[in-house]
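Structure first, commentary second.
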Amino acid sequence: MRKALFIGGTGTISNAISKRCLEKGWELYLLNRGNHPLPAGAKSLCVDVNDEEKVRQLLGDLHFDVVADFIIFNVEQLERDIRLFSGRTDQYIFISSASAYQKPAVNPLITESTPLCNPYWEYSRNKAACEDRLMREYRENGFPFTVVRPSHTYSERKVPVPLHGNFGSFQVVERIRQGKKVIVPGDGTSLWTLTHSNDFAKGFCGLMGNPHAIGNAYHITSDERMTWDQIVRITAQALGVEARIVHIPTDVLGKLNPEWVGSMAGDKSNSVWFDNTKIRRDAPEFVCTTHFADGVREALHTIYADASLQKLDPAFDDWCDRVIAQYEAAVETLPAFEE
């Protein structure tokens, strides 16, 4: 039986991958702090991965066909994994990000050879630096890595929205449901790609234990592209209401909260088209079958049936009301152009 170790394994992306691996007969170990329930059949290694010596003791002489770490965000964390898993795995999968691709995009068609260069978002630059470090370790010491670059992946427990506060997207969903106005950065026409986690898992699992994947990078995304206005309107339709959209320039929103600059200017405001030829070639089982209209309907049903998923954010809600009111009032005071 093939053996895999996931560090994390219970998040938006990794939970779907864990379930699919178990269905496909993998012996699966999940190394995490035990804060979330594990998929049935997974074996728990309960430890903080940052306690390197304790992790080493807990792993003992275990060897894995695949190790995948879903919670690496900088080179320092990656160095720890290289020390822990060199000689202990036949394949190490690093979860990078499609946001690391060149911004602004010189060519809207994105392939795996598109340069990694994002001056707007430190998160993306750190992911790119990790990829550089892995390639060096592969060339110098034969460390068997594979890079996976997700774009915006959602699940039945989370609805994608263009902008949200510190507690996630539910407050925005509630605004839509209640008929309140919703902020969409820019003019709402930038194209965005959404991928359901169950579809993403097909591509990811197709790379696990795959000799063609060693030393290679792959993005895994749907081919369904929509504008942010369409995404909000489809969500509203699933809620049985009509969306009330207010467009506010991304540079204005960035001044109101500089932490949004990276995700907006460095990701969501860029219209790109992901070419998935490479993942389809090396993982033929990767076929996306969940359209967003169906996926968001499922997610809303799950969220409104589970109070633990309904995280309200009254501070963000109040901020939206105030910003929208003041922005619309300011626009009304602007002089009309007269020839």
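Chain identifiers are assigned as A, B, and so on, following the order in which chains appear in the structure tokens; residues are numbered from 1 within each chain, and ligands are numbered from 1 in order of appearance.
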Members of region 89-229 of chain A assigned alpha helix (DSSP H) by DSSP, as a ChimeraX atom specification
/A:122-141,170-177,197-207,228-229
Can I get the selected residues back with C-alpha atoms, as an mmCIF file, in the first residue's frame?
```cif
data_model
loop_
_atom_site.group_PDB
_atom_site.id
_atom_site.type_symbol
_atom_site.label_atom_id
_atom_site.label_comp_id
_atom_site.auth_asym_id
_atom_site.auth_seq_id
_atom_site.Cartn_x
_atom_site.Cartn_y
_atom_site.Cartn_z
ATOM 1 C CA GLU A 122 5.032 39.447 -0.123
ATOM 2 C CA TYR A 123 3.067 36.194 0.258
ATOM 3 C CA SER A 124 3.601 35.462 -3.445
ATOM 4 C CA ARG A 125 7.269 36.445 -3.394
ATOM 5 C CA ASN A 126 7.864 34.091 -0.463
ATOM 6 C CA LYS A 127 6.237 31.244 -2.384
ATOM 7 C CA ALA A 128 8.464 31.963 -5.397
ATOM 8 C CA ALA A 129 11.535 31.996 -3.142
ATOM 9 C CA CYS A 130 10.556 28.576 -1.809
ATOM 10 C CA GLU A 131 10.313 27.263 -5.356
ATOM 11 C CA ASP A 132 13.816 28.585 -6.105
ATOM 12 C CA ARG A 133 15.159 26.881 -2.978
ATOM 13 C CA LEU A 134 13.567 23.558 -3.919
ATOM 14 C CA MET A 135 15.023 23.662 -7.418
ATOM 15 C CA ARG A 136 18.467 24.288 -5.976
ATOM 16 C CA GLU A 137 18.083 21.374 -3.547
ATOM 17 C CA TYR A 138 16.938 19.151 -6.411
ATOM 18 C CA ARG A 139 19.904 20.074 -8.606
ATOM 19 C CA GLU A 140 22.510 19.815 -5.870
ATOM 20 C CA ASN A 141 21.214 16.921 -3.777
ATOM 21 C CA PHE A 170 -19.778 34.897 5.428
ATOM 22 C CA GLN A 171 -20.511 38.529 6.302
ATOM 23 C CA VAL A 172 -20.392 39.410 2.597
ATOM 24 C CA VAL A 173 -22.770 36.545 1.828
ATOM 25 C CA GLU A 174 -25.099 37.885 4.494
ATOM 26 C CA ARG A 175 -24.966 41.355 2.966
ATOM 27 C CA ILE A 176 -25.998 39.862 -0.360
ATOM 28 C CA ARG A 177 -28.789 37.822 1.233
ATOM 29 C CA SER A 197 -11.598 21.645 -4.084
ATOM 30 C CA ASN A 198 -12.994 18.276 -5.206
ATOM 31 C CA ASP A 199 -11.846 19.020 -8.762
ATOM 32 C CA PHE A 200 -8.479 20.288 -7.561
ATOM 33 C CA ALA A 201 -7.984 17.028 -5.652
ATOM 34 C CA LYS A 202 -8.226 15.038 -8.888
ATOM 35 C CA GLY A 203 -5.228 16.824 -10.336
ATOM 36 C CA PHE A 204 -3.240 16.766 -7.104
ATOM 37 C CA CYS A 205 -3.756 13.055 -6.492
ATOM 38 C CA GLY A 206 -2.838 12.374 -10.110
ATOM 39 C CA LEU A 207 0.600 13.852 -9.376
ATOM 40 C CA TRP A 228 -16.263 39.364 -10.364
ATOM 41 C CA ASP A 229 -19.649 40.899 -11.134
#
```
I'd like the neighbourhood of region 114-119 of chain A as a PyMOL selection string, where a residue qualifies if any of its atoms comes within 9 Å (using only C-alpha atoms), though same-chain residues fewer than 6 positions away should be ignored.
chain A and resi 98-104+107+125+128+262+266-267
Would you list, as an MDAnalysis selection string, the residues of region 2-93 of chain A that end up in strand (DSSP E) under DSSP run on this structure's backbone?
chainID A and resid 3:7 27:32 43:46 66:69 92:93
Atoms kept (N, CA, C and O atoms) for selection, written as an mmCIF file, in the first residue's frame:
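So the final result, stored in result-v4.cif, reads:
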```cif
data_model
loop_
_atom_site.group_PDB
_atom_site.id
_atom_site.type_symbol
_atom_site.label_atom_id
_atom_site.label_comp_id
_atom_site.auth_asym_id
_atom_site.auth_seq_id
_atom_site.Cartn_x
_atom_site.Cartn_y
_atom_site.Cartn_z
ATOM 1 N N LYS A 3 2.072 4.960 0.775
ATOM 2 C CA LYS A 3 1.989 5.674 2.050
ATOM 3 C C LYS A 3 2.276 7.163 1.827
ATOM 4 O O LYS A 3 3.254 7.532 1.168
ATOM 5 N N ALA A 4 1.398 8.031 2.383
ATOM 6 C CA ALA A 4 1.562 9.478 2.236
ATOM 7 C C ALA A 4 1.462 10.160 3.591
ATOM 8 O O ALA A 4 0.728 9.703 4.481
ATOM 9 N N LEU A 5 2.192 11.250 3.705
ATOM 10 C CA LEU A 5 2.122 12.103 4.888
ATOM 11 C C LEU A 5 1.724 13.504 4.442
ATOM 12 O O LEU A 5 2.386 14.096 3.586
ATOM 13 N N PHE A 6 0.647 14.036 5.014
ATOM 14 C CA PHE A 6 0.237 15.409 4.758
ATOM 15 C C PHE A 6 0.464 16.222 6.027
ATOM 16 O O PHE A 6 0.035 15.826 7.112
ATOM 17 N N ILE A 7 1.131 17.344 5.881
ATOM 18 C CA ILE A 7 1.285 18.271 6.996
ATOM 19 C C ILE A 7 0.203 19.325 6.830
ATOM 20 O O ILE A 7 0.198 20.092 5.873
ATOM 21 N N GLU A 27 -2.456 4.793 2.252
ATOM 22 C CA GLU A 27 -2.318 4.834 3.704
ATOM 23 C C GLU A 27 -1.884 6.251 4.044
ATOM 24 O O GLU A 27 -0.783 6.674 3.691
ATOM 25 N N LEU A 28 -2.761 6.975 4.719
ATOM 26 C CA LEU A 28 -2.556 8.418 4.886
ATOM 27 C C LEU A 28 -2.322 8.795 6.335
ATOM 28 O O LEU A 28 -3.123 8.473 7.222
ATOM 29 N N TYR A 29 -1.221 9.522 6.552
ATOM 30 C CA TYR A 29 -0.902 10.091 7.856
ATOM 31 C C TYR A 29 -1.097 11.611 7.766
ATOM 32 O O TYR A 29 -0.657 12.243 6.804
ATOM 33 N N LEU A 30 -1.736 12.192 8.775
ATOM 34 C CA LEU A 30 -1.890 13.640 8.850
ATOM 35 C C LEU A 30 -1.148 14.149 10.072
ATOM 36 O O LEU A 30 -1.438 13.761 11.208
ATOM 37 N N LEU A 31 -0.180 15.034 9.822
ATOM 38 C CA LEU A 31 0.598 15.628 10.899
ATOM 39 C C LEU A 31 0.096 17.047 11.115
ATOM 40 O O LEU A 31 0.247 17.910 10.256
ATOM 41 N N ASN A 32 -0.533 17.260 12.270
ATOM 42 C CA ASN A 32 -1.010 18.602 12.620
ATOM 43 C C ASN A 32 -1.234 18.673 14.124
ATOM 44 O O ASN A 32 -0.931 17.714 14.850
ATOM 45 N N LYS A 43 -4.573 8.459 9.652
ATOM 46 C CA LYS A 43 -3.841 8.222 10.888
ATOM 47 C C LYS A 43 -3.268 9.540 11.388
ATOM 48 O O LYS A 43 -2.692 10.303 10.614
ATOM 49 N N SER A 44 -3.416 9.796 12.671
ATOM 50 C CA SER A 44 -3.024 11.084 13.231
ATOM 51 C C SER A 44 -1.622 11.047 13.812
ATOM 52 O O SER A 44 -1.251 10.123 14.542
ATOM 53 N N LEU A 45 -0.833 12.074 13.475
ATOM 54 C CA LEU A 45 0.429 12.353 14.132
ATOM 55 C C LEU A 45 0.273 13.746 14.737
ATOM 56 O O LEU A 45 0.441 14.755 14.051
ATOM 57 N N CYS A 46 -0.092 13.802 15.984
ATOM 58 C CA CYS A 46 -0.462 15.072 16.620
ATOM 59 C C CYS A 46 0.778 15.748 17.200
ATOM 60 O O CYS A 46 1.321 15.324 18.227
ATOM 61 N N VAL A 66 5.018 9.744 -0.566
ATOM 62 C CA VAL A 66 4.744 11.167 -0.804
ATOM 63 C C VAL A 66 4.648 11.893 0.532
ATOM 64 O O VAL A 66 4.007 11.401 1.466
ATOM 65 N N VAL A 67 5.274 13.056 0.595
ATOM 66 C CA VAL A 67 5.054 14.012 1.689
ATOM 67 C C VAL A 67 4.573 15.304 1.056
ATOM 68 O O VAL A 67 5.177 15.790 0.091
ATOM 69 N N ALA A 68 3.474 15.857 1.567
ATOM 70 C CA ALA A 68 2.960 17.140 1.067
ATOM 71 C C ALA A 68 2.725 18.064 2.253
ATOM 72 O O ALA A 68 2.054 17.681 3.213
ATOM 73 N N ASP A 69 3.296 19.258 2.175
ATOM 74 C CA ASP A 69 3.133 20.235 3.248
ATOM 75 C C ASP A 69 2.248 21.373 2.744
ATOM 76 O O ASP A 69 2.609 22.081 1.808
ATOM 77 N N TYR A 92 8.342 14.991 -2.560
ATOM 78 C CA TYR A 92 7.901 16.057 -1.650
ATOM 79 C C TYR A 92 7.109 17.066 -2.473
ATOM 80 O O TYR A 92 7.628 17.618 -3.456
ATOM 81 N N ILE A 93 5.851 17.308 -2.097
ATOM 82 C CA ILE A 93 4.999 18.238 -2.848
ATOM 83 C C ILE A 93 4.860 19.538 -2.063
ATOM 84 O O ILE A 93 4.410 19.545 -0.917
#
```
Taking 2 positions as the minimum chain separation for residues in the same chain, which residues sit within 8 Å of Gly25 (chain A) when counting only C-alpha atoms? Answer as a VMD selection string.
chain A and resid 1 to 2 21 to 23 27
Taking 4 positions as the minimum chain separation for residues in the same chain, which residues sit within 8 Å of His152 (chain A) when counting only C-alpha atoms? Answer as a PyMOL selection string.
chain A and resi 193-195
Can you pull out every residue within 7 Å of Ile248 (chain A), counting only C-alpha atoms, but drop anything in the same chain fewer than 2 positions away, and send it as a short mmCIF file (atom, residue, chain, number, x, y, z; two decimals) with N, CA and C atoms, in the first residue's frame?
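After the write, part-v3.cif holds the following:
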```
data_model
loop_
_atom_site.label_atom_id
_atom_site.label_comp_id
_atom_site.auth_asym_id
_atom_site.auth_seq_id
_atom_site.Cartn_x
_atom_site.Cartn_y
_atom_site.Cartn_z
N ILE A 183 -19.41 45.68 -2.04
CA ILE A 183 -18.27 46.29 -2.74
C ILE A 183 -17.61 45.28 -3.66
N VAL A 184 -17.43 45.67 -4.92
CA VAL A 184 -16.61 44.91 -5.86
C VAL A 184 -15.48 45.83 -6.32
N PRO A 185 -14.22 45.47 -6.05
CA PRO A 185 -13.10 46.33 -6.46
C PRO A 185 -13.04 46.51 -7.97
N GLY A 186 -12.60 47.69 -8.40
CA GLY A 186 -12.48 47.98 -9.82
C GLY A 186 -13.84 48.16 -10.46
N VAL A 246 -21.58 47.74 -5.83
CA VAL A 246 -20.97 49.07 -5.87
C VAL A 246 -19.51 48.90 -6.24
N THR A 250 -9.70 49.92 -7.07
CA THR A 250 -8.82 49.12 -6.22
C THR A 250 -7.77 49.98 -5.52
#
```
Fewer than 3 positions away in the same chain doesn't count, so skip those; otherwise give me all residues within 8 Å of Arg88 (chain A), counting only C-alpha atoms, as a list in words.
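Here the answer would be Leu62, His63, Phe64, Leu84 and Phe85 of chain A.
Each of A:Asn50, A:Asp65, A:Gly142, A:Gln237 was checked against Ser86 (chain A) using only C-alpha atoms; the smallest atom-to-atom distance is that of A:Gly142.
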Nearest to Ile245 (chain A) by atom-to-atom distance, counting only C-alpha atoms, from A:Leu109, A:Ile324, A:Ala213, A:Leu191
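Answer, going by the shortest atom-to-atom distance: A:Ile324.
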Tell me which protein, DNA and RNA residues are within 7 Å of Ser271 (chain A), counting only C-alpha atoms, leaving out same-chain ones fewer than 2 positions away, and put them as an MDAnalysis selection string.
chainID A and resid 108 190:192 269
CA of His36 (chain A) to CA of Thr10 (chain A): how many Å, to one decimal?
6.7 Å
Among listed residues A:Ser18, A:Phe167, A:Pro284, A:Val331, nearest Gly41 (chain A) (using only C-alpha atoms):
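Answer, going by the shortest atom-to-atom distance: A:Ser18.
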With only C-alpha atoms as the basis for distance, which of A:Leu309, A:Ala265, A:Val75, A:Ser97 is at the shortest distance from Leu253 (chain A)?
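Residue with the minimum atom-to-atom distance to Leu253 (chain A): A:Ala265.
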